[in-house]
>>> print(open('data_35.cif').read())   # mmCIF, C-alpha atoms
data_entry
#
loop_
_atom_site.label_atom_id
_atom_site.label_comp_id
_atom_site.auth_asym_id
_atom_site.auth_seq_id
_atom_site.Cartn_x
_atom_site.Cartn_y
_atom_site.Cartn_z
CA MET P 607 -71.60 121.02 168.15
CA ASN P 608 -70.79 124.60 167.14
CA LYS P 609 -67.28 126.04 167.28
CA GLN P 610 -65.76 124.97 170.58
CA ARG P 611 -64.78 127.80 172.89
CA VAL P 612 -63.17 126.54 176.10
CA ALA P 613 -63.12 128.06 179.58
CA ILE P 614 -60.74 126.72 182.21
CA ILE P 615 -61.98 127.35 185.76
CA GLY P 616 -59.02 127.52 188.15
CA LEU P 617 -55.52 128.44 186.99
CA GLY P 618 -53.30 126.51 189.36
CA TYR P 619 -50.97 123.57 188.77
CA VAL P 620 -53.63 121.76 186.73
CA GLY P 621 -55.61 124.51 185.04
CA LEU P 622 -52.79 126.63 183.62
CA PRO P 623 -50.99 123.88 181.63
CA LEU P 624 -54.39 122.76 180.34
CA ALA P 625 -55.32 126.29 179.26
CA ILE P 626 -52.02 126.74 177.45
CA GLU P 627 -52.36 123.51 175.47
CA PHE P 628 -55.98 124.13 174.49
CA ALA P 629 -55.11 127.70 173.48
CA LYS P 630 -52.89 126.36 170.71
CA LYS P 631 -56.04 125.13 168.93
CA TYR P 632 -59.06 126.84 170.49
CA GLU P 633 -60.30 130.14 171.83
CA VAL P 634 -59.70 129.77 175.57
CA THR P 635 -60.65 131.84 178.58
CA GLY P 636 -58.59 131.13 181.67
CA PHE P 637 -60.64 132.06 184.73
CA ASP P 638 -59.60 132.39 188.37
CA ILE P 639 -61.22 134.16 191.32
CA ASN P 640 -57.74 135.28 192.47
CA ILE P 641 -57.30 138.65 190.74
CA ASP P 642 -53.58 138.77 191.57
CA ARG P 643 -53.11 135.42 189.87
CA VAL P 644 -54.95 136.62 186.77
CA GLU P 645 -52.88 139.81 186.54
CA GLU P 646 -49.67 137.83 187.00
CA LEU P 647 -50.59 135.51 184.12
CA LYS P 648 -51.55 138.40 181.87
CA LYS P 649 -47.95 139.58 182.23
CA GLY P 650 -46.68 136.13 181.23
CA GLU P 651 -45.53 135.23 184.75
CA ASP P 652 -46.24 132.00 186.67
CA ARG P 653 -45.49 131.44 190.34
CA THR P 654 -46.19 127.70 190.09
CA LYS P 655 -43.32 127.29 187.60
CA GLU P 656 -45.42 124.76 185.68
CA ALA P 657 -45.66 126.81 182.50
CA ASP P 658 -42.96 127.40 179.93
CA LEU P 659 -43.02 131.19 179.96
CA GLU P 660 -42.18 131.57 176.27
CA THR P 661 -45.05 129.25 175.36
CA LEU P 662 -47.36 131.07 177.76
CA LYS P 663 -46.58 134.43 176.19
CA SER P 664 -46.96 133.01 172.67
CA VAL P 665 -50.55 131.79 173.25
CA ILE P 666 -51.86 134.87 175.06
CA SER P 667 -54.46 136.50 172.85
CA ASN P 668 -57.56 138.63 173.15
CA ASN P 669 -59.45 137.31 170.15
CA GLY P 670 -59.56 134.21 167.98
CA ILE P 671 -57.44 131.16 168.81
CA GLY P 672 -55.42 131.85 171.92
CA LEU P 673 -55.65 132.42 175.64
CA SER P 674 -57.15 135.31 177.57
CA PHE P 675 -57.32 135.59 181.35
CA SER P 676 -60.15 136.93 183.48
CA ALA P 677 -61.59 137.12 186.98
CA ASN P 678 -64.90 138.42 185.61
CA VAL P 679 -67.68 135.81 185.43
CA GLU P 680 -69.31 137.67 182.52
CA ASP P 681 -66.31 136.76 180.34
CA LEU P 682 -67.32 133.10 180.60
CA THR P 683 -70.60 133.56 178.73
CA LYS P 684 -68.98 133.22 175.29
CA SER P 685 -67.69 129.72 176.10
CA ASN P 686 -69.59 126.48 175.50
CA ILE P 687 -67.19 124.02 177.16
CA TYR P 688 -66.21 124.62 180.79
CA ILE P 689 -63.40 122.62 182.40
CA VAL P 690 -63.28 122.79 186.20
CA THR P 691 -59.86 122.35 187.83
CA VAL P 692 -60.45 123.79 191.31
CA PRO P 693 -58.96 122.18 194.44
CA THR P 694 -60.80 119.39 196.27
CA PRO P 695 -59.11 119.24 199.70
CA ILE P 696 -60.04 117.49 202.91
CA ASP P 697 -61.10 119.25 206.11
CA GLN P 698 -59.65 118.92 209.62
CA PHE P 699 -61.65 115.72 210.13
CA LYS P 700 -60.22 114.12 206.94
CA ALA P 701 -63.59 114.44 205.19
CA PRO P 702 -63.94 115.69 201.60
CA ASP P 703 -64.33 119.46 201.35
CA LEU P 704 -66.35 120.13 198.22
CA THR P 705 -66.74 123.85 198.90
CA PRO P 706 -64.55 125.10 196.01
CA LEU P 707 -66.14 122.58 193.62
CA LEU P 708 -69.71 123.47 194.53
CA LYS P 709 -68.98 127.20 194.43
CA ALA P 710 -67.52 126.80 190.94
CA SER P 711 -70.58 124.80 189.91
CA ALA P 712 -72.92 127.49 191.25
CA MET P 713 -70.98 130.14 189.37
CA LEU P 714 -71.12 128.18 186.12
CA GLY P 715 -74.83 127.51 186.60
CA LYS P 716 -75.42 131.26 186.28
CA VAL P 717 -73.78 131.41 182.81
CA LEU P 718 -74.74 127.98 181.48
CA LYS P 719 -76.57 127.88 178.16
CA ALA P 720 -78.43 125.17 176.27
CA GLY P 721 -75.97 122.75 174.68
CA ASP P 722 -73.05 123.60 176.98
CA ILE P 723 -70.77 120.94 178.48
CA VAL P 724 -69.19 121.12 181.95
CA ILE P 725 -66.16 118.85 182.38
CA TYR P 726 -64.73 118.23 185.83
CA GLU P 727 -61.05 117.40 186.36
CA SER P 728 -60.94 117.91 190.12
CA THR P 729 -60.42 114.73 192.11
CA VAL P 730 -63.68 113.47 193.61
CA TYR P 731 -65.30 110.24 194.83
CA PRO P 732 -67.29 108.11 192.36
CA GLY P 733 -70.71 109.65 191.82
CA CYS P 734 -69.80 113.17 192.91
CA THR P 735 -70.32 114.79 189.50
CA GLU P 736 -73.88 113.49 189.11
CA GLU P 737 -74.91 113.49 192.77
CA ASP P 738 -73.33 116.73 194.03
CA CYS P 739 -72.35 118.97 191.11
CA VAL P 740 -75.21 118.41 188.65
CA PRO P 741 -77.98 119.44 191.11
CA VAL P 742 -76.14 122.71 191.71
CA LEU P 743 -75.75 123.31 187.97
CA GLU P 744 -79.47 122.63 187.48
CA GLN P 745 -80.49 124.83 190.40
CA TYR P 746 -78.58 127.92 189.24
CA SER P 747 -79.12 127.49 185.49
CA GLY P 748 -82.73 126.38 185.41
CA LEU P 749 -81.65 123.87 182.77
CA LYS P 750 -82.15 120.11 182.70
CA PHE P 751 -79.17 117.73 182.88
CA ASN P 752 -78.64 115.56 179.77
CA GLN P 753 -81.39 117.46 178.03
CA ASP P 754 -80.23 121.08 178.02
CA PHE P 755 -76.63 120.71 179.22
CA TYR P 756 -74.17 117.85 179.69
CA CYS P 757 -71.21 116.85 181.83
CA GLY P 758 -67.90 115.10 181.41
CA TYR P 759 -65.23 113.90 183.78
CA SER P 760 -61.54 113.62 182.92
CA PRO P 761 -59.32 113.23 185.97
CA GLU P 762 -56.22 115.41 186.08
CA ARG P 763 -52.88 113.61 186.02
CA ILE P 764 -50.52 116.56 186.31
CA ASN P 765 -47.32 115.75 188.21
CA PRO P 766 -46.14 119.10 189.65
CA GLY P 767 -42.49 119.86 188.97
CA ASP P 768 -42.13 117.05 186.42
CA LYS P 769 -40.70 118.45 183.17
CA VAL P 770 -40.61 115.04 181.47
CA ASN P 771 -44.08 113.56 182.08
CA THR P 772 -45.97 116.69 181.08
CA LEU P 773 -49.68 117.11 180.31
CA THR P 774 -49.62 116.02 176.68
CA LYS P 775 -47.40 113.01 177.39
CA ILE P 776 -49.70 111.40 179.96
CA LYS P 777 -52.61 109.31 178.69
CA LYS P 778 -55.94 110.94 179.54
CA VAL P 779 -59.01 109.16 180.88
CA THR P 780 -62.21 110.74 179.53
CA SER P 781 -65.95 110.24 179.98
CA GLY P 782 -69.28 111.89 179.28
CA SER P 783 -72.81 111.88 180.67
CA THR P 784 -74.14 110.38 177.41
CA GLN P 785 -72.41 108.28 174.78
CA GLU P 786 -72.50 111.15 172.32
CA ILE P 787 -71.03 113.61 174.81
CA ALA P 788 -68.40 111.05 175.85
CA THR P 789 -67.20 111.07 172.24
CA VAL P 790 -67.18 114.88 172.13
CA VAL P 791 -65.15 115.03 175.36
CA ASP P 792 -62.76 112.32 174.18
CA ASP P 793 -62.20 114.04 170.83
CA LEU P 794 -61.58 117.34 172.60
CA TYR P 795 -58.79 115.93 174.75
CA ALA P 796 -57.43 113.76 171.94
CA SER P 797 -56.80 116.96 169.99
CA ILE P 798 -54.10 118.01 172.50
CA ILE P 799 -52.94 114.82 174.27
CA THR P 800 -50.25 113.16 172.16
CA ALA P 801 -50.12 110.14 174.50
CA GLY P 802 -53.72 109.31 173.60
CA THR P 803 -56.94 108.95 175.54
CA HIS P 804 -58.95 106.21 177.23
CA LYS P 805 -62.72 106.64 177.02
CA ALA P 806 -64.25 105.24 180.21
CA PRO P 807 -67.80 103.81 179.99
CA SER P 808 -69.25 106.23 182.57
CA LEU P 809 -68.53 109.26 184.71
CA LYS P 810 -68.38 107.08 187.83
CA VAL P 811 -65.75 104.78 186.29
CA ALA P 812 -63.58 107.76 185.35
CA GLU P 813 -63.99 109.26 188.84
CA ALA P 814 -63.10 105.94 190.48
CA SER P 815 -60.03 105.47 188.27
CA LYS P 816 -58.51 108.66 189.64
CA ALA P 817 -59.26 107.77 193.24
CA ILE P 818 -57.70 104.32 193.05
CA GLU P 819 -54.54 105.21 191.15
CA ASN P 820 -53.47 107.42 194.03
CA ALA P 821 -54.89 105.17 196.76
CA GLN P 822 -52.84 102.28 195.33
CA ARG P 823 -49.64 104.33 195.51
CA ASP P 824 -50.52 105.47 199.02
CA VAL P 825 -50.96 101.88 200.23
CA ASN P 826 -47.69 100.78 198.61
CA ILE P 827 -45.78 103.63 200.28
CA SER P 828 -47.46 102.90 203.61
CA PHE P 829 -46.14 99.34 203.37
CA VAL P 830 -42.51 100.47 203.05
CA ASN P 831 -43.10 103.14 205.71
CA GLU P 832 -44.24 100.42 208.07
CA LEU P 833 -41.16 98.41 207.13
CA ALA P 834 -39.06 101.46 208.04
CA LEU P 835 -40.66 101.51 211.50
CA ILE P 836 -39.92 97.80 211.93
CA PHE P 837 -36.36 97.95 210.60
CA ASP P 838 -35.60 100.92 212.84
CA ARG P 839 -36.35 98.72 215.83
CA ILE P 840 -34.29 95.89 214.39
CA GLY P 841 -31.41 98.28 213.74
CA ILE P 842 -31.00 97.82 209.99
CA ASP P 843 -31.23 100.32 207.14
CA THR P 844 -34.50 100.25 205.16
CA THR P 845 -32.88 101.40 201.92
CA ASP P 846 -30.32 98.60 202.17
CA VAL P 847 -33.14 96.08 202.56
CA ILE P 848 -35.07 97.51 199.59
CA GLU P 849 -31.96 97.44 197.40
CA ALA P 850 -31.42 93.80 198.27
CA ALA P 851 -35.07 92.82 197.71
CA GLY P 852 -35.10 94.86 194.50
CA THR P 853 -32.71 92.42 192.84
CA LYS P 854 -35.77 90.24 192.17
CA TRP P 855 -37.48 91.23 188.91
CA ASN P 856 -41.01 91.58 190.29
CA PHE P 857 -40.25 93.50 193.50
CA LEU P 858 -41.58 97.09 193.42
CA LYS P 859 -38.93 99.44 194.83
CA TYR P 860 -41.09 101.98 196.64
CA LYS P 861 -39.22 104.16 199.13
CA PRO P 862 -40.34 105.27 202.59
CA GLY P 863 -41.02 108.94 203.24
CA LEU P 864 -43.53 111.68 203.94
CA VAL P 865 -46.73 111.38 201.90
CA GLY P 866 -48.42 114.70 201.25
CA GLY P 867 -49.47 116.75 198.27
CA HIS P 868 -52.79 117.39 196.60
CA CYS P 869 -53.37 113.79 195.45
CA ILE P 870 -51.80 110.85 197.27
CA GLY P 871 -52.34 112.28 200.74
CA VAL P 872 -55.95 113.27 199.99
CA ASP P 873 -57.60 110.99 197.41
CA PRO P 874 -57.82 107.87 199.63
CA TYR P 875 -60.04 109.80 202.04
CA TYR P 876 -62.45 110.59 199.18
CA LEU P 877 -62.69 106.90 198.29
CA ALA P 878 -63.10 105.92 201.95
CA HIS P 879 -65.81 108.57 202.40
CA LYS P 880 -67.84 107.11 199.56
CA ALA P 881 -67.37 103.55 200.80
CA GLU P 882 -68.49 104.46 204.32
CA SER P 883 -71.57 106.28 202.98
CA LEU P 884 -72.56 102.93 201.44
CA GLY P 885 -72.00 100.98 204.65
CA TYR P 886 -68.55 99.57 203.96
CA HIS P 887 -65.68 100.57 206.23
CA PRO P 888 -62.40 100.17 204.29
CA GLN P 889 -59.57 98.54 206.22
CA VAL P 890 -56.49 98.56 203.96
CA ILE P 891 -56.94 102.07 202.59
CA LEU P 892 -57.38 103.75 205.98
CA SER P 893 -54.71 101.69 207.73
CA GLY P 894 -52.27 102.84 205.06
CA ARG P 895 -53.34 106.43 205.62
CA ARG P 896 -52.74 106.11 209.37
CA VAL P 897 -49.21 104.83 208.85
CA ASN P 898 -48.35 107.58 206.37
CA ASP P 899 -49.91 110.34 208.45
CA ASN P 900 -47.69 109.39 211.41
CA MET P 901 -44.33 109.40 209.61
CA GLY P 902 -43.55 113.03 210.43
CA MET P 903 -44.01 112.30 214.13
CA PHE P 904 -41.75 109.25 213.83
CA VAL P 905 -38.98 111.29 212.16
CA ALA P 906 -39.12 114.01 214.82
CA ASN P 907 -39.07 111.49 217.68
CA LYS P 908 -36.15 109.62 216.09
CA VAL P 909 -34.20 112.88 215.81
CA ILE P 910 -34.84 113.64 219.49
CA LYS P 911 -33.65 110.16 220.52
CA LEU P 912 -30.47 110.58 218.47
CA MET P 913 -29.86 113.98 220.06
CA ILE P 914 -30.28 112.54 223.56
CA HIS P 915 -27.91 109.72 222.66
CA LYS P 916 -25.33 112.32 221.64
CA GLY P 917 -25.73 114.23 224.90
CA HIS P 918 -27.77 117.21 223.71
CA LYS P 919 -29.95 119.28 226.02
CA ILE P 920 -33.25 119.21 224.12
CA GLN P 921 -34.97 122.31 225.54
CA GLY P 922 -33.73 125.31 223.54
CA ALA P 923 -31.66 123.27 221.07
CA LYS P 924 -31.63 124.60 217.51
CA ALA P 925 -32.84 122.51 214.57
CA LEU P 926 -32.90 123.10 210.81
CA VAL P 927 -35.52 121.53 208.55
CA LEU P 928 -34.51 121.51 204.88
CA GLY P 929 -37.54 121.75 202.61
CA MET P 930 -41.19 122.68 203.07
CA THR P 931 -42.81 121.76 199.75
CA PHE P 932 -44.55 118.41 199.40
CA LYS P 933 -42.03 117.17 196.82
CA GLU P 934 -38.62 117.94 195.40
CA ASP P 935 -37.71 120.79 193.00
CA CYS P 936 -41.25 122.19 193.06
CA PRO P 937 -42.88 125.18 194.83
CA ASP P 938 -46.11 123.32 195.68
CA ILE P 939 -46.74 123.37 199.45
CA ARG P 940 -50.25 121.87 199.41
CA ASN P 941 -50.74 119.29 202.18
CA SER P 942 -47.01 119.15 202.89
CA ARG P 943 -46.36 116.75 205.76
CA VAL P 944 -43.08 118.50 206.62
CA ILE P 945 -45.19 120.58 208.98
CA ASP P 946 -45.66 117.46 211.14
CA ILE P 947 -41.90 117.27 211.73
CA TYR P 948 -41.74 120.99 212.47
CA ASN P 949 -44.63 120.92 214.96
CA GLU P 950 -43.34 117.85 216.78
CA LEU P 951 -39.84 119.30 217.18
CA LYS P 952 -41.34 122.56 218.46
CA GLN P 953 -43.37 120.62 221.03
CA PHE P 954 -40.15 119.10 222.35
CA GLY P 955 -38.90 122.64 222.98
CA LEU P 956 -36.56 123.06 220.04
CA SER P 957 -36.07 126.29 218.14
CA VAL P 958 -36.70 125.31 214.51
CA ASP P 959 -35.63 127.06 211.30
CA VAL P 960 -37.09 125.97 207.96
CA TYR P 961 -35.26 126.67 204.70
CA ASP P 962 -36.68 126.06 201.24
CA PRO P 963 -35.40 127.81 198.09
CA HIS P 964 -38.50 126.76 196.12
CA ALA P 965 -41.36 127.62 198.48
CA ASP P 966 -43.00 131.04 198.63
CA ASN P 967 -42.48 132.55 202.09
CA ASP P 968 -45.84 134.33 202.18
CA GLU P 969 -47.74 131.19 201.14
CA VAL P 970 -45.98 129.09 203.79
CA GLU P 971 -46.67 131.66 206.50
CA GLN P 972 -50.33 131.91 205.50
CA GLU P 973 -50.88 128.16 205.23
CA TYR P 974 -48.69 126.82 208.05
CA LYS P 975 -47.86 129.87 210.24
CA VAL P 976 -44.16 129.22 209.61
CA LYS P 977 -41.65 131.87 208.54
CA LEU P 978 -38.98 130.49 206.25
CA VAL P 979 -35.40 131.65 206.68
CA ASP P 980 -34.06 133.14 203.46
CA HIS P 981 -30.42 132.19 204.06
CA LEU P 982 -28.44 129.82 206.23
CA SER P 983 -26.09 131.45 208.71
CA ASN P 984 -26.73 129.68 212.03
CA LYS P 985 -25.21 126.58 213.60
CA TYR P 986 -27.56 123.73 214.40
CA ASP P 987 -27.81 120.85 216.89
CA ALA P 988 -30.02 118.86 214.48
CA ILE P 989 -30.57 118.97 210.72
CA VAL P 990 -33.47 117.20 209.04
CA LEU P 991 -33.50 116.84 205.27
CA ALA P 992 -37.25 116.66 204.58
CA VAL P 993 -37.37 117.35 200.83
CA SER P 994 -34.76 116.32 198.26
CA HIS P 995 -34.32 119.62 196.43
CA LYS P 996 -31.23 119.40 194.23
CA GLU P 997 -29.87 122.57 195.85
CA PHE P 998 -29.40 120.69 199.12
CA LEU P 999 -26.71 118.50 197.56
CA THR P 1000 -24.43 121.53 197.35
CA LEU P 1001 -24.83 122.60 200.99
CA ASP P 1002 -21.78 122.52 203.26
CA PHE P 1003 -23.20 120.49 206.15
CA ASP P 1004 -20.04 120.87 208.21
CA ASP P 1005 -20.60 124.61 208.11
CA LEU P 1006 -24.18 124.16 209.38
CA LYS P 1007 -23.27 121.85 212.27
CA ARG P 1008 -22.65 123.28 215.71
CA ASP P 1009 -20.05 120.55 216.25
CA ASN P 1010 -19.54 116.84 215.65
CA SER P 1011 -22.48 116.02 217.92
CA THR P 1012 -25.00 117.57 215.49
CA VAL P 1013 -27.59 115.02 214.38
CA VAL P 1014 -28.32 114.79 210.63
CA PHE P 1015 -31.43 112.85 209.60
CA ASP P 1016 -32.26 112.17 205.94
CA THR P 1017 -35.92 111.36 205.25
CA LYS P 1018 -35.29 110.80 201.52
CA SER P 1019 -32.10 108.70 201.49
CA PHE P 1020 -30.78 111.56 199.37
CA LEU P 1021 -27.53 112.58 201.00
CA ASN P 1022 -24.19 110.78 201.11
CA ARG P 1023 -24.32 108.27 203.96
CA ASP P 1024 -21.09 109.68 205.39
CA LEU P 1025 -22.93 112.93 206.13
CA ILE P 1026 -25.85 111.48 208.10
CA ASP P 1027 -26.64 109.78 211.37
CA ALA P 1028 -29.82 108.05 210.20
CA ARG P 1029 -32.35 107.93 207.38
CA LEU P 1030 -35.73 106.46 206.54
#
>>> encode(input="data_35.cif", output="structure tokens")
Amino acid sequence: MNKQRVAIIGLGYVGLPLAIEFAKKYEVTGFDINIDRVEELKKGEDRTKEADLETLKSVISNNGIGLSFSANVEDLTKSNIYIVTVPTPIDQFKAPDLTPLLKASAMLGKVLKAGDIVIYESTVYPGCTEEDCVPVLEQYSGLKFNQDFYCGYSPERINPGDKVNTLTKIKKVTSGSTQEIATVVDDLYASIITAGTHKAPSLKVAEASKAIENAQRDVNISFVNELALIFDRIGIDTTDVIEAAGTKWNFLKYKPGLVGGHCIGVDPYYLAHKAESLGYHPQVILSGRRVNDNMGMFVANKVIKLMIHKGHKIQGAKALVLGMTFKEDCPDIRNSRVIDIYNELKQFGLSVDVYDPHADNDEVEQEYKVKLVDHLSNKYDAIVLAVSHKEFLTLDFDDLKRDNSTVVFDTKSFLNRDLIDARL
């Protein structure tokens, strides 16, 4: 094809690193509907903390090889490869919400030209690209799929907050809507991914590979979470059991905990949705989801029981939750299950403070209706470590406790055991 000019649609945790890497070799337009986000990036700033700011500033350009940012759809017309990295969440009923994906497809349909390629990276169920996105592209472009324009699918594998396993160091699955386009897509990614690529035989295979890699992890974590529920009743420590079992070479040492985020806590529902639409009702996948979705409630109830055991009056007691992001040392709050602990403690009548040095206060308030405290000055009857941010290792827990009866619960087995009353 002619000179490749790339447009990245969506400049979040996935899109921005991708745009930066492609901009080292291609003319790239980074597009986002959030004007504030675009202006921030133009200044070389990044609230997600995924980008190396020096590298970001070095690739910003307005012509030739390099990266330009825009919220104007007209600026996409010069591109011939469009890579879609918009969110694919679930709704309140745990069903796939394709609204952002379909809106992005409609927008691209209006600028699509003969010979263009649209590559999706957003997590979807197998068949979504061809069955849901392509009809929208055809409708708004007036072009014919696999005749006038083409599609690819290359599932994102970004691990937010991970500065070791970065974009170029993670092998990339690629695919295309024809064999020729599959090669074009594979070559495109191979030009920036040093870890190499794996060309899947079809779009559906590539889509399915993304869904199952996270569903597998979800099921494995649900198993150890269920063990934690069992061992709590037995009265033994789950981490001790895992350490003992882990002395065998083929035991996988997964740890119990809250399972949220944009992938593991969401992707299994996409796979289950597709299965159910075909008349199969998955048992293992959804049972694992049920276990993991209830862990926040278990933690909160365990804390209340420990407080009662220590003689606390529950109504009006003061609790501190440490962490609000979905994982450690990262500002990403998407689908954080810490909110389950917070809501359950509030329902018991506790006054709950949440402290997180990584999370953005405005984002948390908008998403979860929770105001973070910006410093710790109160005394608490219960402290729950929900996220293992490294900053929490330096906290003086004695200074945060109201007295020796304060309950400290560690959901991550992160703190010194001498400091805590219980852990997952």
>>> residues_around(input="data_35.cif", residues="Arg1008 of chain P", least_positions_apart="5", cutoff="7 Å", atoms="only C-alpha atoms", output="list in words")
Lys985, Tyr986 and Asp987 of chain P
>>> closest_residue(input="data_35.cif", among="P:Leu991, P:Leu858, P:Val976, P:Ala712", to="Leu1030 of chain P", atoms="all atoms listed in the file")
P:Leu991
>>> resolve_selection(input="data_35.cif", expression="the PyMOL selection byres ((chain P and resi 901-916) around 6)", output="PyMOL selection string")
chain P and resi 898-900+917-918+946-947+951+1011
>>> residues_around(input="data_35.cif", residues="Val717 of chain P", least_positions_apart="2", cutoff="6 Å", atoms="only C-alpha atoms", output="list in words")
Thr683, Leu714 and Gly715 of chain P
>>> resolve_selection(input="data_35.cif", expression="the PyMOL selection byres ((chain P and resi 891) around 10)", output="list of chain:residue names")
P:Ile818, P:Ala821, P:Gln822, P:Asp824, P:Val825, P:Ser828, P:Pro874, P:Tyr875, P:Leu877, P:Ala878, P:His887, P:Pro888, P:Gln889, P:Val890, P:Leu892, P:Ser893, P:Gly894, P:Arg895, P:Arg896
>>> closest_residue(input="data_35.cif", among="P:Val730, P:Ala788, P:Ala850, P:Ile799", to="His868 of chain P", atoms="all atoms listed in the file")
P:Val730
>>> resolve_selection(input="data_35.cif", expression="the PyMOL selection byres ((chain P and resi 934) around 10)", output="ChimeraX atom specification")
/P:766-768,929-933,935-938,964,992-997,1018
>>> closest_residue(input="data_35.cif", among="P:Glu633, P:Asp959, P:Asp966, P:Glu737", to="Leu1006 of chain P", atoms="only C-alpha atoms")
P:Asp959
>>> atom_distance(input="data_35.cif", atom1="atom CA of Asp962 of chain P", atom2="atom CA of Asp980 of chain P")
7.9 Å
>>> residues_around(input="data_35.cif", residues="Ala834 of chain P", least_positions_apart="4", cutoff="8 Å", atoms="only C-alpha atoms", output="NGL selection string")
:P and (830 or 838 or 843-844 or 862 or 1030)
>>> closest_residue(input="data_35.cif", among="P:Ser808, P:Ser957, P:Ser760, P:Thr800", to="Ile776 of chain P", atoms="only C-alpha atoms")
P:Thr800
>>> closest_residue(input="data_35.cif", among="P:Tyr632, P:Tyr688, P:Phe829, P:Tyr746", to="Ile666 of chain P", atoms="all atoms listed in the file")
P:Tyr632
>>> residues_around(input="data_35.cif", residues="Leu809 of chain P", least_positions_apart="4", cutoff="9 Å", atoms="only C-alpha atoms", output="list in words")
Pro732, Gly733, Thr735, Glu736, Cys757, Gly758, Tyr759, Ser760, Thr780, Ser781, Gly782, Ser783, Glu813 and Ala814 of chain P
>>> decode(input="data_35.cif", residues="segment 842-857 of chain P", atoms="C-alpha atoms", output="JSON list (two decimals), in the first residue's frame")
[["chain", "number", "residue", "atom", "x", "y", "z"],
["P", 842, "ILE", "CA", -5.75, -20.91, 58.88],
["P", 843, "ASP", "CA", -3.86, -18.34, 56.81],
["P", 844, "THR", "CA", -4.33, -18.64, 53.02],
["P", 845, "THR", "CA", -0.89, -17.22, 52.22],
["P", 846, "ASP", "CA", 0.73, -19.80, 54.51],
["P", 847, "VAL", "CA", -1.11, -22.57, 52.67],
["P", 848, "ILE", "CA", -0.10, -21.22, 49.25],
["P", 849, "GLU", "CA", 3.54, -20.93, 50.33],
["P", 850, "ALA", "CA", 3.50, -24.54, 51.46],
["P", 851, "ALA", "CA", 1.77, -25.81, 48.31],
["P", 852, "GLY", "CA", 4.10, -23.67, 46.20],
["P", 853, "THR", "CA", 7.07, -25.83, 47.15],
["P", 854, "LYS", "CA", 5.89, -28.25, 44.45],
["P", 855, "TRP", "CA", 7.31, -27.30, 41.04],
["P", 856, "ASN", "CA", 4.02, -27.33, 39.12],
["P", 857, "PHE", "CA", 1.81, -25.46, 41.61]]
